[in-house]
Structures are given as structure tokens and as C-alpha cells.
file my_file-v3.txt (compact mmCIF, C-alpha atoms)
# COMPACT_ATOMS: atom_id res chain seq x y z
CA MET I 13 -105.73 -180.93 -63.93
CA THR I 14 -104.92 -178.66 -60.98
CA LEU I 15 -106.67 -177.63 -57.83
CA ASN I 16 -107.54 -173.97 -57.58
CA ASN I 17 -106.08 -172.33 -54.55
CA THR I 18 -108.92 -169.92 -54.30
CA PHE I 19 -108.85 -169.82 -50.51
CA ASN I 20 -105.45 -168.11 -50.56
CA LEU I 21 -107.49 -165.01 -51.32
CA VAL I 22 -109.03 -162.93 -48.57
CA CYS I 23 -112.52 -164.39 -48.89
CA THR I 24 -115.35 -164.16 -46.42
CA LYS I 25 -116.25 -167.21 -44.36
CA LYS I 26 -119.68 -167.26 -46.01
CA ASP I 27 -118.10 -167.58 -49.46
CA GLU I 28 -115.68 -170.25 -48.28
CA ASP I 29 -118.42 -172.34 -46.65
CA PHE I 30 -120.67 -172.08 -49.71
CA VAL I 31 -117.88 -173.25 -52.03
CA LEU I 32 -116.93 -176.04 -49.64
CA ILE I 33 -120.51 -177.32 -49.49
CA PHE I 34 -120.79 -177.18 -53.29
CA ARG I 35 -117.53 -179.12 -53.65
CA PHE I 36 -118.66 -181.61 -51.02
CA VAL I 37 -121.90 -182.36 -52.90
CA ILE I 38 -120.85 -182.03 -56.57
CA GLY I 39 -117.12 -182.69 -56.39
CA GLY I 40 -117.53 -185.28 -53.66
CA TRP I 41 -120.61 -187.47 -53.48
CA LEU I 42 -122.04 -186.89 -56.97
CA SER I 43 -118.59 -187.40 -58.48
CA ILE I 44 -118.24 -190.67 -56.53
CA ILE I 45 -121.52 -191.90 -58.04
CA THR I 46 -120.57 -190.90 -61.59
CA CYS I 47 -117.07 -192.35 -61.17
CA ILE I 48 -118.45 -195.72 -60.05
CA LEU I 49 -120.90 -195.77 -62.97
CA GLY I 50 -118.12 -194.68 -65.31
CA LEU I 51 -115.76 -197.39 -64.06
CA LEU I 52 -118.41 -200.04 -64.60
CA GLY I 53 -119.43 -198.60 -67.97
CA ASN I 54 -115.91 -198.33 -69.36
CA THR I 55 -115.00 -201.81 -68.12
CA PHE I 56 -118.09 -203.21 -69.85
CA SER I 57 -117.27 -201.20 -73.00
CA ILE I 58 -113.76 -202.68 -73.12
CA ILE I 59 -115.15 -206.21 -72.76
CA VAL I 60 -117.74 -205.66 -75.50
CA LEU I 61 -115.47 -203.84 -77.96
CA ALA I 62 -112.63 -206.32 -77.44
CA ASN I 63 -114.89 -209.21 -78.38
CA LYS I 64 -113.83 -210.95 -81.61
CA ARG I 65 -117.07 -209.83 -83.26
CA MET I 66 -116.20 -206.18 -82.65
CA ARG I 67 -112.43 -205.71 -82.66
CA THR I 68 -112.04 -206.29 -86.40
CA LEU I 69 -113.16 -202.71 -87.08
CA SER I 70 -110.51 -199.99 -86.74
CA THR I 71 -113.03 -197.63 -85.15
CA ASN I 72 -113.59 -200.04 -82.27
CA VAL I 73 -109.85 -200.26 -81.63
CA TYR I 74 -109.79 -196.50 -81.06
CA LEU I 75 -112.83 -196.81 -78.80
CA ILE I 76 -111.07 -199.49 -76.74
CA ALA I 77 -108.09 -197.17 -76.25
CA LEU I 78 -110.48 -194.34 -75.35
CA ALA I 79 -112.28 -196.52 -72.79
CA VAL I 80 -108.97 -197.62 -71.22
CA ALA I 81 -107.78 -194.00 -70.89
CA ASN I 82 -111.15 -192.97 -69.42
CA LEU I 83 -111.01 -195.88 -66.98
CA LEU I 84 -107.53 -194.98 -65.71
CA TRP I 85 -108.43 -191.28 -65.41
CA LEU I 86 -111.59 -192.11 -63.46
CA ILE I 87 -109.65 -194.32 -61.04
CA LEU I 88 -107.26 -191.47 -60.23
CA PHE I 89 -110.04 -188.88 -60.02
CA PHE I 90 -112.09 -191.19 -57.78
CA ILE I 91 -109.25 -191.82 -55.32
CA PHE I 92 -107.52 -188.45 -55.18
CA TYR I 93 -110.40 -186.00 -55.74
CA ALA I 94 -113.91 -187.39 -55.22
CA ILE I 95 -113.13 -189.40 -52.08
CA ARG I 96 -110.74 -186.72 -50.84
CA PHE I 97 -113.44 -184.03 -51.02
CA THR I 98 -115.88 -186.19 -49.04
CA ILE I 99 -113.25 -186.77 -46.33
CA ILE I 100 -111.55 -183.39 -45.89
CA ILE I 101 -114.32 -180.85 -46.58
CA PRO I 102 -116.43 -181.72 -43.49
CA HIS I 103 -113.32 -181.06 -41.40
CA PHE I 104 -112.78 -177.71 -43.10
CA ILE I 105 -116.35 -176.73 -42.32
CA SER I 106 -116.35 -177.97 -38.71
CA LYS I 107 -112.72 -176.88 -38.10
CA THR I 108 -111.92 -180.26 -36.56
CA GLN I 109 -108.85 -182.41 -37.07
CA ASN I 110 -108.29 -186.14 -36.87
CA ASN I 111 -105.66 -188.64 -37.92
CA LEU I 112 -107.62 -189.92 -40.92
CA TYR I 113 -107.89 -186.45 -42.41
CA ASN I 114 -104.26 -185.56 -41.72
CA ASN I 115 -102.89 -188.84 -43.09
CA TYR I 116 -105.04 -188.79 -46.22
CA ASP I 117 -104.26 -185.18 -47.03
CA GLU I 118 -100.56 -185.75 -46.43
CA ILE I 119 -100.58 -188.71 -48.83
CA PHE I 120 -102.31 -186.58 -51.47
CA TYR I 121 -99.78 -183.77 -51.27
CA GLN I 122 -96.91 -186.24 -51.34
CA LEU I 123 -98.29 -187.91 -54.49
CA SER I 124 -99.67 -184.82 -56.26
CA PRO I 125 -96.40 -184.16 -58.20
CA TYR I 126 -96.99 -187.56 -59.82
CA ILE I 127 -100.79 -187.81 -59.92
CA ILE I 128 -101.58 -184.43 -61.49
CA PRO I 129 -99.19 -184.80 -64.48
CA LEU I 130 -100.38 -188.40 -64.96
CA MET I 131 -104.00 -187.22 -65.10
CA ASN I 132 -102.98 -184.48 -67.54
CA THR I 133 -101.34 -187.14 -69.72
CA LEU I 134 -104.49 -189.27 -69.68
CA GLU I 135 -106.66 -186.24 -70.50
CA LEU I 136 -104.49 -185.48 -73.52
CA CYS I 137 -104.65 -189.15 -74.57
CA ILE I 138 -108.45 -189.06 -74.35
CA THR I 139 -108.52 -185.94 -76.51
CA CYS I 140 -106.11 -187.39 -79.08
CA TYR I 141 -107.98 -190.70 -79.31
CA THR I 142 -111.27 -188.84 -79.83
CA VAL I 143 -109.72 -186.86 -82.69
CA ALA I 144 -108.29 -190.07 -84.16
CA VAL I 145 -111.58 -191.95 -84.09
CA SER I 146 -113.30 -188.93 -85.65
CA ALA I 147 -110.73 -188.93 -88.45
CA ASP I 148 -111.24 -192.67 -88.89
CA ARG I 149 -114.96 -192.16 -89.44
CA TYR I 150 -114.28 -189.27 -91.78
CA LEU I 151 -112.15 -191.52 -93.98
CA HIS I 152 -114.77 -194.28 -93.94
CA VAL I 153 -117.48 -191.88 -95.08
CA PHE I 154 -115.55 -190.03 -97.81
CA MET I 155 -113.33 -192.81 -99.14
CA GLY I 156 -115.94 -195.55 -99.07
CA LEU I 157 -114.54 -198.94 -100.02
CA ASN I 158 -111.04 -197.48 -100.48
CA ALA I 159 -110.89 -196.68 -96.75
CA ALA I 160 -110.32 -200.37 -96.04
CA HIS I 161 -106.75 -199.98 -97.31
CA TYR I 162 -105.93 -197.29 -94.72
CA CYS I 163 -108.34 -197.81 -91.82
CA THR I 164 -106.97 -201.14 -90.66
CA VAL I 165 -106.59 -202.50 -87.15
CA ARG I 166 -102.80 -202.50 -87.50
CA ASN I 167 -102.71 -198.85 -88.59
CA SER I 168 -105.05 -197.85 -85.77
CA LEU I 169 -102.75 -199.53 -83.23
CA ARG I 170 -99.78 -197.67 -84.69
CA ILE I 171 -101.62 -194.35 -84.48
CA ILE I 172 -102.70 -195.03 -80.89
CA LEU I 173 -99.08 -195.77 -79.97
CA LEU I 174 -97.85 -192.56 -81.64
CA LEU I 175 -100.55 -190.46 -79.95
CA THR I 176 -99.72 -191.98 -76.57
CA ILE I 177 -96.02 -191.21 -77.02
CA PHE I 178 -96.88 -187.65 -78.10
CA SER I 179 -99.07 -187.16 -75.00
CA ILE I 180 -96.33 -188.41 -72.68
CA ILE I 181 -93.66 -186.21 -74.30
CA PHE I 182 -95.87 -183.12 -74.29
CA ILE I 183 -96.68 -183.47 -70.58
CA ILE I 184 -93.06 -184.16 -69.51
CA PRO I 185 -92.36 -180.44 -68.76
CA TYR I 186 -95.36 -180.42 -66.40
CA TRP I 187 -93.82 -183.27 -64.40
CA PHE I 188 -90.79 -181.08 -63.71
CA LYS I 189 -93.02 -178.10 -62.97
CA PHE I 190 -93.85 -179.59 -59.57
CA ARG I 191 -90.20 -180.25 -58.72
CA VAL I 192 -88.18 -177.36 -60.14
CA VAL I 193 -89.21 -173.78 -59.33
CA LYS I 194 -87.17 -171.04 -60.97
CA GLN I 195 -87.13 -167.62 -59.34
CA ILE I 196 -86.60 -165.79 -62.64
CA ASP I 197 -89.66 -164.68 -64.57
CA ILE I 198 -92.00 -167.16 -62.88
CA GLN I 199 -95.15 -165.29 -63.87
CA ASN I 200 -94.34 -165.20 -67.61
CA ARG I 201 -93.21 -168.82 -67.60
CA THR I 202 -96.47 -169.91 -65.98
CA HIS I 203 -98.51 -167.90 -68.47
CA HIS I 204 -96.72 -169.42 -71.46
CA GLU I 205 -97.10 -172.94 -70.05
CA ILE I 206 -100.85 -172.49 -69.60
CA LEU I 207 -101.20 -170.88 -73.03
CA ASN I 208 -99.27 -173.65 -74.80
CA LYS I 209 -101.29 -176.34 -73.05
CA PHE I 210 -104.51 -174.48 -73.84
CA ILE I 211 -103.70 -174.37 -77.57
CA VAL I 212 -102.53 -177.98 -77.92
CA VAL I 213 -105.01 -179.68 -75.58
CA TYR I 214 -108.13 -177.62 -76.33
CA ILE I 215 -108.03 -175.20 -79.27
CA ILE I 216 -106.53 -177.44 -81.98
CA PRO I 217 -108.48 -180.64 -81.09
CA PHE I 218 -111.78 -178.77 -80.69
CA VAL I 219 -111.42 -177.09 -84.08
CA ILE I 220 -110.52 -180.39 -85.76
CA LEU I 221 -113.40 -182.25 -84.11
CA ILE I 222 -115.98 -179.63 -85.05
CA PHE I 223 -114.68 -179.41 -88.63
CA MET I 224 -114.60 -183.19 -89.20
CA SER I 225 -117.99 -183.71 -87.53
CA ILE I 226 -119.57 -181.23 -89.92
CA LEU I 227 -117.93 -182.86 -92.94
CA THR I 228 -118.89 -186.34 -91.74
CA ALA I 229 -122.50 -185.28 -91.23
CA ARG I 230 -122.53 -183.86 -94.75
CA GLY I 231 -121.14 -187.15 -96.02
CA LEU I 232 -124.03 -189.02 -94.45
CA THR I 233 -126.50 -186.91 -96.41
CA GLN I 234 -124.80 -188.10 -99.60
CA TYR I 235 -125.81 -191.63 -98.62
CA TYR I 236 -129.46 -190.71 -99.12
CA ASP I 237 -128.70 -188.82 -102.33
CA GLU I 238 -127.00 -191.88 -103.82
CA HIS I 239 -129.92 -194.01 -102.71
CA ARG I 240 -132.26 -191.79 -104.73
CA ARG I 241 -129.91 -191.83 -107.72
CA LEU I 242 -129.97 -195.61 -107.66
CA LEU I 243 -133.53 -195.58 -108.91
CA SER I 244 -132.64 -193.77 -112.16
CA THR I 245 -129.32 -195.26 -113.29
CA SER I 246 -128.21 -197.91 -115.74
CA ILE I 247 -127.70 -201.53 -114.71
CA ARG I 248 -123.88 -201.22 -114.68
CA GLN I 249 -123.90 -198.05 -112.64
CA MET I 250 -126.55 -199.56 -110.42
CA ALA I 251 -124.23 -202.45 -109.52
CA MET I 252 -121.45 -200.06 -108.50
CA LEU I 253 -123.80 -197.91 -106.46
CA LYS I 254 -125.21 -200.97 -104.73
CA MET I 255 -121.71 -201.93 -103.58
CA ASN I 256 -121.16 -198.47 -102.15
CA LEU I 257 -124.59 -198.40 -100.55
CA VAL I 258 -124.01 -201.74 -98.85
CA TYR I 259 -120.75 -200.35 -97.45
CA TYR I 260 -122.37 -197.09 -96.29
CA ARG I 261 -125.30 -198.98 -94.77
CA ARG I 262 -122.87 -201.12 -92.81
CA HIS I 263 -121.00 -198.08 -91.44
CA TYR I 264 -123.95 -195.67 -91.18
CA HIS I 265 -124.91 -196.44 -87.57
CA VAL I 266 -121.27 -196.57 -86.49
CA THR I 267 -120.75 -193.12 -87.98
CA ILE I 268 -123.85 -191.76 -86.22
CA MET I 269 -122.52 -193.27 -83.00
CA LEU I 270 -119.15 -191.57 -83.43
CA ILE I 271 -120.71 -188.19 -84.19
CA ALA I 272 -122.71 -188.54 -80.96
CA VAL I 273 -119.53 -189.48 -79.05
CA VAL I 274 -117.74 -186.42 -80.41
CA LEU I 275 -120.67 -184.13 -79.58
CA LEU I 276 -120.82 -185.54 -76.04
CA PHE I 277 -117.07 -185.00 -75.69
CA LEU I 278 -117.38 -181.37 -76.81
CA VAL I 279 -120.36 -180.64 -74.55
CA CYS I 280 -118.69 -182.18 -71.48
CA ARG I 281 -115.35 -180.48 -72.19
CA ILE I 282 -116.69 -177.00 -72.95
CA PRO I 283 -116.84 -176.05 -69.21
CA ILE I 284 -113.20 -177.02 -68.63
CA PHE I 285 -112.37 -175.26 -71.91
CA ILE I 286 -113.96 -172.06 -70.58
CA ASN I 287 -112.10 -172.50 -67.30
CA GLN I 288 -108.82 -172.79 -69.21
CA ILE I 289 -109.59 -169.55 -71.07
CA TYR I 290 -109.98 -167.85 -67.70
CA GLU I 291 -106.72 -169.35 -66.40
CA VAL I 292 -104.84 -168.12 -69.48
CA GLN I 293 -106.18 -164.60 -68.96
CA TYR I 294 -105.70 -164.67 -65.19
CA SER I 295 -102.10 -165.94 -65.44
CA ALA I 296 -101.20 -162.89 -67.55
CA ARG I 297 -102.55 -160.42 -65.01
CA GLU I 298 -100.85 -158.99 -61.99
CA LYS I 299 -101.15 -160.84 -58.73
CA TYR I 300 -103.17 -158.00 -57.21
CA ILE I 301 -106.89 -158.67 -57.37
CA SER I 302 -109.23 -155.74 -57.39
CA PRO I 303 -112.29 -155.74 -55.10
CA SER I 304 -114.57 -155.95 -58.15
CA THR I 305 -113.18 -159.38 -59.06
CA LEU I 306 -112.88 -160.70 -55.52
CA ASP I 307 -116.41 -162.15 -55.48
CA PHE I 308 -115.75 -163.93 -58.75
CA GLN I 309 -112.47 -165.37 -57.46
CA CYS I 310 -113.91 -166.43 -54.11
CA GLN I 311 -117.15 -168.03 -55.25
CA ILE I 312 -117.98 -168.26 -58.97
CA GLN I 313 -114.63 -169.48 -60.30
CA PRO I 314 -114.08 -172.38 -57.82
CA ILE I 315 -117.72 -173.47 -58.21
CA PHE I 316 -117.44 -173.43 -62.00
CA TYR I 317 -114.16 -175.36 -61.84
CA THR I 318 -115.77 -178.05 -59.68
CA PHE I 319 -118.70 -178.26 -62.11
CA ALA I 320 -116.29 -178.53 -65.08
CA SER I 321 -114.44 -181.41 -63.42
CA PHE I 322 -117.75 -183.12 -62.69
CA MET I 323 -118.74 -182.84 -66.37
CA GLN I 324 -115.60 -184.73 -67.33
CA THR I 325 -116.78 -187.70 -65.26
CA LEU I 326 -120.18 -187.58 -67.00
CA ASN I 327 -118.45 -187.93 -70.35
CA SER I 328 -117.31 -191.46 -69.52
CA ILE I 329 -120.83 -192.59 -68.58
CA GLY I 330 -122.45 -191.27 -71.74
CA ASN I 331 -120.18 -193.17 -74.14
CA LEU I 332 -121.59 -196.58 -73.23
CA VAL I 333 -125.16 -195.28 -73.52
CA ILE I 334 -124.36 -193.99 -77.03
CA TYR I 335 -122.78 -197.31 -78.02
CA LEU I 336 -125.88 -199.23 -76.98
CA LEU I 337 -128.35 -196.80 -78.55
CA CYS I 338 -126.64 -196.31 -81.92
CA CYS I 339 -124.77 -199.54 -82.67
CA GLN I 340 -126.80 -202.68 -83.32
CA ASN I 341 -123.69 -204.86 -83.35
CA CYS I 342 -122.74 -203.47 -79.93
CA ARG I 343 -126.20 -204.27 -78.57
CA GLU I 344 -126.09 -207.81 -79.97
CA THR I 345 -122.61 -208.41 -78.55
CA SER I 346 -123.68 -207.03 -75.17
CA LYS I 347 -126.71 -209.33 -75.09
CA TYR I 348 -124.54 -212.30 -76.06
CA LEU I 349 -121.98 -211.59 -73.33
CA LEU I 350 -124.64 -210.97 -70.68
CA LYS I 351 -126.45 -214.16 -71.68
CA THR I 352 -123.19 -216.11 -71.44
CA LEU I 353 -122.42 -214.58 -68.03
CA LEU I 354 -125.91 -215.30 -66.66
CA THR I 355 -125.77 -218.86 -67.97
CA TYR I 356 -122.40 -219.38 -66.29
CA ILE I 357 -123.67 -217.94 -62.98
CA TYR I 358 -126.84 -220.04 -63.21
CA CYS I 359 -124.86 -223.23 -63.77
CA GLU I 360 -122.43 -222.43 -60.96
CA VAL I 361 -125.21 -221.72 -58.47
CA LEU I 362 -127.28 -224.80 -59.31
CA PHE I 363 -124.52 -227.27 -59.96
call {"tool": "encode", "arguments": {"input": "my_file-v3.txt", "output": "C-alpha cells"}}
result
Amino acid sequence: MTLNNTFNLVCTKKDEDFVLIFRFVIGGWLSIITCILGLLGNTFSIIVLANKRMRTLSTNVYLIALAVANLLWLILFFIFYAIRFTIIIPHFISKTQNNLYNNYDEIFYQLSPYIIPLMNTLELCITCYTVAVSADRYLHVFMGLNAAHYCTVRNSLRIILLLTIFSIIFIIPYWFKFRVVKQIDIQNRTHHEILNKFIVVYIIPFVILIFMSILTARGLTQYYDEHRRLLSTSIRQMAMLKMNLVYYRRHYHVTIMLIAVVLLFLVCRIPIFINQIYEVQYSAREKYISPSTLDFQCQIQPIFYTFASFMQTLNSIGNLVIYLLCCQNCRETSKYLLKTLLTYIYCEVLF
């Protein structure tokens, strides 16, 4: 995740003020609200999914890892972007300076070589975990009872560890990008870096997620087909089908939940995906900007980038809502934990 230096262009003051106000409202205050809700939601999701009634399913292990990565990303975004926009933008607009603004902005620029690559690592982890949990559901749907041999908690932990290591290794060059600046062929190097990141972080995962979601949805339709076949089969075949149907019935709502999580991920990431397409194209162009594209650079692009970043924060809020709507076991566990908490508070207050 990088900040667009749009104001290095020769933009009019009207364009600059409009973008600053938009960032102040959407990138600042609205992002603070969504970050707080996301922090609470992901914390609650971790508590619910880590409960002994829930953590025996490999899918929930992936969801725990996804919630942890979302939680860490939101913390960094909240501190270094949402709060920062609410503090510094009013001073940009009013052209005033004070010690709070100077100190906060200085801290940000001192830490940005560490914070930005760390956020990129967490973003890649979130993407990888989403692909992994989608693959887990795909195996449950198409392998049926045989999936229990592969989709175990131990295997899911191993896969999470491997994906985390891959994310860290892939982002390592971007850590050095903020420290080492080569004077030879900088423009081409930057273009290739953006293109490689675009392919690995967006193109490949998006294609896999869309493909597996379609196949998983088709697999769910087979559940109803087998249910109809059950009415016209022999007793022996009926017993086998009943076993499969019990398994599918158990995992049906979880699979629906995961398809919804994947769709939410795609919808919330499409804006940043589009922004990355623009950055790939823009990085390959010459540095000169024609007057016809100046308005786009000064107003539309920074506004769209702020909106895309805001959509990423919405993604973390929606996951908990999907868990509660689609998963009965999640609802029951949430009620149990809330009841236990309220009982504890009630006893502490009264006694």
C-alpha cells in the first residue's frame, strides 16, 4: 500500500482542496469508524472461531488466520492513515502549522519504510488465506467424506505457515525499495516491480477465487440432485447416499458462508485491483503528463485510491456479519460466549 503523490503535479488549488476534503471525510473519519468496527468484529471473530466447539474444523482455522491478519492490518491502517488524515489534512487546507502536526507527520515518514512493506505483507497474507479457505471448501464439496483425510487442522496450520513465509519472502524486495535507490533504469525497475506485484497479489488469486467459487457453487447444486435421487434408489445405495447427504448437510451452510466471504473479498478488492491496473500502465509511461490527463491525475485518481482503501476496511466488517448470518454453529457459539460474559459481569457487579 502506497500513498499517491498526486500533489507533486501542477494541480489547481480547487482540485487540491476537493481531494483533501474527500480524503478527510472518507479516508479520515469514515475510515476511523470502519476500523473501530473492524477491530471489534475481528477480535470477536477470533474469540468465537477459536472456541473448542469451532476450531475442530479446518475451515475455521483458516478463518482465524484471516481474522488475525485483518486485525493487524486494520491497526496499522487506523494509526498511520485514518488518524493521520484527520490530523494533517485540516492543516493542509488552512495552511497552518503546529507541533502536533509536525511531530506526527515526522513520525510517519520515519516509520513508513517499515509500515508500508508490513502492510503489503499482511495484504498478501489476507489474499493467500482467502484462497486457501476457498480451496478447503472446494475439497469438502467435491471429495465429500474423503476430504477428512486431507482437510485436517494440522494440515491447515502447515498451509497457513507456508503461505505466511511465502508472503514475507515475496515482499522482502519491497522492504529494500525504501532504502536502496539505484540511479540506473529506475523507471523500468519500478514498472516491473509493480507488474510483478500486480500479477502475484491480484491476477492469480482473483482468477483462482472466481474459478473455485463457480465450481463450489456447482457442487452445491449436486447436493439437491442427490437428494432427489435418494427417493428412487435401492436400500443399499440409499444408505451410502444418506451418509453423503448427512456430510453435505453439515457443511452446506459453511460452504455458503465461504462463498459469501469470497464474493465480499472480491467486491471490496476490485477498486484497489482497478487502481493497480492504472499504476501498472502509468509506471510504463513517460513522466510527462499531457494536459488531457492532468484533471484525472489531480482529482479522479487520488479520490478513487482513497475510496479503494476505504473499501478494504469494509471487507473486515462484513466477514463477521456473514459468519453470523450463514453459520448456525457460529451463532450458537456467539450466543453462548455472550451469555457467559453477561453472566460474569452480572455476578461481578452484584457480588
call {"tool": "closest_atom_pairs", "arguments": {"input": "my_file-v3.txt", "of": "range 123-163 of chain I", "to": "range 317-327 of chain I", "cutoff": "12 Å", "atoms": "all atoms listed in the file", "output": "JSON lines"}}
result
{"residue": "I:Glu135", "atom": "CA", "partner": "I:Gln324", "partner_atom": "CA", "distance": 9.6}
{"residue": "I:Ile138", "atom": "CA", "partner": "I:Asn327", "partner_atom": "CA", "distance": 10.8}
{"residue": "I:Thr139", "atom": "CA", "partner": "I:Gln324", "partner_atom": "CA", "distance": 11.7}
{"residue": "I:Thr142", "atom": "CA", "partner": "I:Asn327", "partner_atom": "CA", "distance": 11.9}
call {"tool": "closest_residue", "arguments": {"input": "my_file-v3.txt", "among": "I:Ile172, I:Ile59, I:Val73, I:Ile222", "to": "Val279 in chain I", "atoms": "all atoms listed in the file"}}
result
I:Ile222
call {"tool": "closest_residue", "arguments": {"input": "my_file-v3.txt", "among": "I:Asn341, I:Ser225, I:Thr55, I:Thr133", "to": "Leu275 in chain I", "atoms": "only C-alpha atoms"}}
result
I:Ser225
call {"tool": "residues_near_point", "arguments": {"input": "my_file-v3.txt", "point": "(-112.3, -205.2, -91.1)", "cutoff": "7 Å", "atoms": "all atoms listed in the file", "output": "list in words"}}
result
Thr68, Leu69 and Thr164 of chain I
call {"tool": "closest_residue", "arguments": {"input": "my_file-v3.txt", "among": "I:Val213, I:Cys140, I:His152, I:Arg96", "to": "Ile177 in chain I", "atoms": "only C-alpha atoms"}}
result
I:Cys140
call {"tool": "closest_residue", "arguments": {"input": "my_file-v3.txt", "among": "I:Leu61, I:Ile101, I:Ile45, I:Ala147", "to": "Asp29 in chain I", "atoms": "all atoms listed in the file"}}
result
I:Ile101
call {"tool": "closest_residue", "arguments": {"input": "my_file-v3.txt", "among": "I:Leu336, I:Ile44, I:Met224, I:Val60", "to": "Phe90 in chain I", "atoms": "only C-alpha atoms"}}
result
I:Ile44
call {"tool": "residues_around", "arguments": {"input": "my_file-v3.txt", "residues": "range 267-273 of chain I", "least_positions_apart": "5", "cutoff": "7 Å", "atoms": "all atoms listed in the file", "output": "ChimeraX atom specification"}}
result
/I:146,149,225,331,334-335,338-339
